[in-house]
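Asker: Have a look at this one.
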Amino acid sequence: MKTNSDIERYLLDMGINYGSPRDGIWVVHDDNGTNLVVMHAPPVTVFRVKLAPVAVDTNPDLYKSLLELNASQMVAGAYGIENGNLVITDTLQSENLDHNEFRESVEGTLLAAGTHFQLLAKSLRQNGAIVDPAKAAAAARPATVRTVKKAAVKVVKRAKPVKAARAKKPVRGVAKKSAKSAKKGR
């Protein structure tokens, strides 16, 4: 099982700017003003970016765009609407989390927040939401840690225990052929 120290080491190895408001929670700051909250709540690690507020009666084009982006362009995680806000979330199992998976989630989520936000800006403008990424990030700061903690608790409650993978049985004859080939010098 990965620990908070492991997550901290991954962040340090990536050389990115981050802060840690509480134990087990980190806020990654990118150059565009986007804040990615990373929360380690075993058995999961949750990644979340709050992009902009959205109204209940939002333009259907926004929902269509979000579903299309989820299906075609999201590297890690997915778009969603949580507590009246457009968010990107990703969740990974902590037990076998490695540096590459962690990096992919961080970079993929930040990439989506930076590039897709411009694609969604038209629908967000029609909705009356904030369309400046820096302002959206600033608006996201106060509630981010609290909201991510609530989301992580929901994920932990729904998480199923990870079963150990069974070892695959060797294919008949392969081991014998390999041994015979080794004896013959092949």
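In the structure tokens, chains take letters A, B, ... by order of appearance, with residues numbered from 1 within each chain and ligands from 1 in the order shown.
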Taking only C-alpha atoms into account, produce a table as a tab-separated table in which each residue of region 69-101 of chain A with an atom at most 12 Å from an atom of region 115-118 of chain A appears once, together with its shortest atom pair and the distance in Å to one decimal, ordered by chain and rising number.
Answerer:
residue	atom	partner	partner_atom	distance
A:Leu69	CA	A:His116	CA	8.0
A:Asn70	CA	A:His116	CA	10.6
A:Ser72	CA	A:His116	CA	11.7
A:Gln73	CA	A:His116	CA	8.9
A:Met74	CA	A:His116	CA	9.4
A:Val75	CA	A:His116	CA	11.8
A:Ala78	CA	A:His116	CA	11.8
A:Tyr79	CA	A:His116	CA	10.4
A:Leu86	CA	A:Phe117	CA	10.4
A:Val87	CA	A:Phe117	CA	10.9
A:Ile88	CA	A:His116	CA	10.7
Asker: Check the smallest atom-to-atom distance from each of A:Ile7, A:Leu67, A:Met39, A:Ala113 to Thr91 (chain A) using only C-alpha atoms, then report the winner.
Answerer: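 The shortest atom-to-atom distance to Thr91 (chain A) comes from A:Met39.
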Asker: Could you tell me, as number ranges by chain, which residues of region 20-131 of chain A DSSP assigns to strand (DSSP E or B) when given the backbone?
Answerer: A: 20-22, 25-29, 35-41, 44-53, 78-82, 85-93
Asker: So that I have them on file, write out the residues from the current selection with N, CA, C and O atoms, as a short mmCIF file (atom, residue, chain, number, x, y, z; two decimals), in the first residue's frame.
Answerer:
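Just written: result_8.cif:
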data_model
loop_
_atom_site.label_atom_id
_atom_site.label_comp_id
_atom_site.auth_asym_id
_atom_site.auth_seq_id
_atom_site.Cartn_x
_atom_site.Cartn_y
_atom_site.Cartn_z
N SER A 20 0.85 21.61 0.49
CA SER A 20 0.14 20.57 1.23
C SER A 20 -0.59 21.20 2.40
O SER A 20 -0.01 21.39 3.47
N PRO A 21 -1.89 21.54 2.20
CA PRO A 21 -2.63 22.18 3.28
C PRO A 21 -2.88 21.27 4.48
O PRO A 21 -3.03 21.75 5.60
N ARG A 22 -2.93 19.97 4.24
CA ARG A 22 -3.14 18.99 5.32
C ARG A 22 -2.45 17.69 4.93
O ARG A 22 -2.14 17.45 3.77
N ILE A 25 -3.19 15.54 1.59
CA ILE A 25 -3.79 16.39 0.56
C ILE A 25 -2.72 17.33 0.01
O ILE A 25 -2.01 17.98 0.77
N TRP A 26 -2.63 17.37 -1.32
CA TRP A 26 -1.67 18.25 -1.99
C TRP A 26 -2.41 19.05 -3.04
O TRP A 26 -3.31 18.53 -3.70
N VAL A 27 -2.02 20.30 -3.24
CA VAL A 27 -2.58 21.13 -4.29
C VAL A 27 -1.46 21.46 -5.26
O VAL A 27 -0.48 22.14 -4.90
N VAL A 28 -1.56 20.92 -6.48
CA VAL A 28 -0.57 21.13 -7.52
C VAL A 28 -0.95 22.38 -8.30
O VAL A 28 -2.09 22.51 -8.75
N HIS A 29 -0.01 23.32 -8.45
CA HIS A 29 -0.25 24.57 -9.16
C HIS A 29 0.51 24.52 -10.49
O HIS A 29 1.71 24.32 -10.49
N ASN A 35 -5.41 24.66 -10.37
CA ASN A 35 -5.06 23.94 -9.14
C ASN A 35 -5.63 22.54 -9.19
O ASN A 35 -6.84 22.36 -9.28
N LEU A 36 -4.75 21.57 -9.14
CA LEU A 36 -5.15 20.16 -9.11
C LEU A 36 -4.99 19.67 -7.68
O LEU A 36 -3.90 19.74 -7.11
N VAL A 37 -6.07 19.21 -7.08
CA VAL A 37 -6.02 18.68 -5.73
C VAL A 37 -5.82 17.17 -5.82
O VAL A 37 -6.53 16.48 -6.54
N VAL A 38 -4.82 16.69 -5.09
CA VAL A 38 -4.53 15.26 -5.01
C VAL A 38 -4.78 14.86 -3.56
O VAL A 38 -4.23 15.47 -2.64
N MET A 39 -5.64 13.85 -3.39
CA MET A 39 -5.94 13.39 -2.04
C MET A 39 -5.71 11.90 -1.94
O MET A 39 -6.26 11.12 -2.72
N HIS A 40 -4.87 11.51 -0.99
CA HIS A 40 -4.60 10.10 -0.76
C HIS A 40 -5.50 9.63 0.38
O HIS A 40 -5.35 10.05 1.53
N ALA A 41 -6.49 8.82 0.03
CA ALA A 41 -7.45 8.28 1.00
C ALA A 41 -7.53 6.78 0.75
O ALA A 41 -8.41 6.32 0.04
N VAL A 44 -7.69 4.52 -2.23
CA VAL A 44 -7.64 5.26 -3.49
C VAL A 44 -6.86 6.56 -3.36
O VAL A 44 -6.66 7.08 -2.27
N THR A 45 -6.43 7.07 -4.52
CA THR A 45 -5.86 8.40 -4.63
C THR A 45 -6.76 9.14 -5.61
O THR A 45 -7.01 8.65 -6.72
N VAL A 46 -7.26 10.30 -5.19
CA VAL A 46 -8.22 11.07 -5.98
C VAL A 46 -7.54 12.33 -6.53
O VAL A 46 -6.81 13.01 -5.79
N PHE A 47 -7.78 12.63 -7.81
CA PHE A 47 -7.27 13.83 -8.47
C PHE A 47 -8.49 14.64 -8.89
O PHE A 47 -9.41 14.10 -9.48
N ARG A 48 -8.48 15.96 -8.61
CA ARG A 48 -9.66 16.76 -8.92
C ARG A 48 -9.28 18.19 -9.25
O ARG A 48 -8.46 18.80 -8.57
N VAL A 49 -9.90 18.73 -10.31
CA VAL A 49 -9.77 20.13 -10.69
C VAL A 49 -11.17 20.71 -10.83
O VAL A 49 -12.02 20.14 -11.52
N LYS A 50 -11.41 21.82 -10.16
CA LYS A 50 -12.67 22.54 -10.30
C LYS A 50 -12.45 23.61 -11.37
O LYS A 50 -11.57 24.45 -11.24
N LEU A 51 -13.26 23.55 -12.45
CA LEU A 51 -13.06 24.47 -13.57
C LEU A 51 -13.93 25.72 -13.51
O LEU A 51 -13.45 26.82 -13.72
N ALA A 52 -15.23 25.54 -13.28
CA ALA A 52 -16.14 26.69 -13.31
C ALA A 52 -17.48 26.30 -12.73
O ALA A 52 -17.87 25.14 -12.78
N PRO A 53 -18.21 27.29 -12.20
CA PRO A 53 -19.57 26.99 -11.75
C PRO A 53 -20.49 26.82 -12.96
O PRO A 53 -20.26 27.43 -14.00
N ALA A 78 -12.34 11.98 -15.93
CA ALA A 78 -13.54 12.33 -16.69
C ALA A 78 -14.09 13.66 -16.19
O ALA A 78 -13.81 14.08 -15.07
N TYR A 79 -14.87 14.30 -17.05
CA TYR A 79 -15.58 15.51 -16.66
C TYR A 79 -16.84 15.12 -15.92
O TYR A 79 -17.42 14.07 -16.16
N GLY A 80 -17.24 16.01 -15.02
CA GLY A 80 -18.48 15.80 -14.31
C GLY A 80 -18.97 17.11 -13.74
O GLY A 80 -18.29 18.14 -13.82
N ILE A 81 -20.16 17.08 -13.18
CA ILE A 81 -20.70 18.25 -12.50
C ILE A 81 -20.97 17.83 -11.07
O ILE A 81 -21.68 16.85 -10.82
N GLU A 82 -20.36 18.56 -10.14
CA GLU A 82 -20.46 18.22 -8.74
C GLU A 82 -20.75 19.49 -7.94
O GLU A 82 -20.02 20.48 -8.05
N ASN A 85 -20.63 22.67 -9.91
CA ASN A 85 -19.35 23.04 -10.52
C ASN A 85 -18.91 22.01 -11.55
O ASN A 85 -19.08 20.81 -11.34
N LEU A 86 -18.32 22.51 -12.63
CA LEU A 86 -17.71 21.65 -13.63
C LEU A 86 -16.36 21.20 -13.09
O LEU A 86 -15.53 22.04 -12.72
N VAL A 87 -16.14 19.88 -13.02
CA VAL A 87 -14.91 19.34 -12.46
C VAL A 87 -14.34 18.26 -13.38
O VAL A 87 -15.05 17.68 -14.20
N ILE A 88 -13.05 18.03 -13.21
CA ILE A 88 -12.39 16.87 -13.79
C ILE A 88 -11.93 16.04 -12.61
O ILE A 88 -11.30 16.56 -11.68
N THR A 89 -12.27 14.76 -12.61
CA THR A 89 -11.83 13.88 -11.53
C THR A 89 -11.19 12.62 -12.11
O THR A 89 -11.52 12.19 -13.21
N ASP A 90 -10.28 12.08 -11.35
CA ASP A 90 -9.65 10.81 -11.68
C ASP A 90 -9.39 10.10 -10.36
O ASP A 90 -9.12 10.74 -9.35
N THR A 91 -9.50 8.80 -10.36
CA THR A 91 -9.28 8.01 -9.15
C THR A 91 -8.43 6.81 -9.51
O THR A 91 -8.71 6.13 -10.50
N LEU A 92 -7.40 6.57 -8.73
CA LEU A 92 -6.54 5.41 -8.93
C LEU A 92 -6.45 4.60 -7.64
O LEU A 92 -6.48 5.17 -6.55
N GLN A 93 -6.34 3.29 -7.78
CA GLN A 93 -6.12 2.43 -6.62
C GLN A 93 -4.74 2.74 -6.05
O GLN A 93 -3.76 2.82 -6.78
#
Asker: Could you tell me, as a list in words, which residues of region 37-112 of chain A DSSP assigns to helix (DSSP H, G or I) when given the backbone?
Answerer: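 Result set for region 37-112 of chain A (helix (DSSP H, G or I)): Pro60, Asp61, Leu62, Tyr63, Lys64, Ser65, Leu66, Leu67, Glu68, Leu69, Asn70, Ala71, Ser72, His99, Asn100, Glu101, Phe102, Arg103, Glu104, Ser105, Val106, Glu107, Gly108, Thr109, Leu110, Leu111 and Ala112 of chain A.
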Asker: Write out as a VMD selection string which residues come within 9 Å of Thr3 (chain A) when counting only C-alpha atoms, dropping same-chain ones fewer than 2 positions away.
Answerer: chain A and resid 1 5 to 8 24 40 42 94
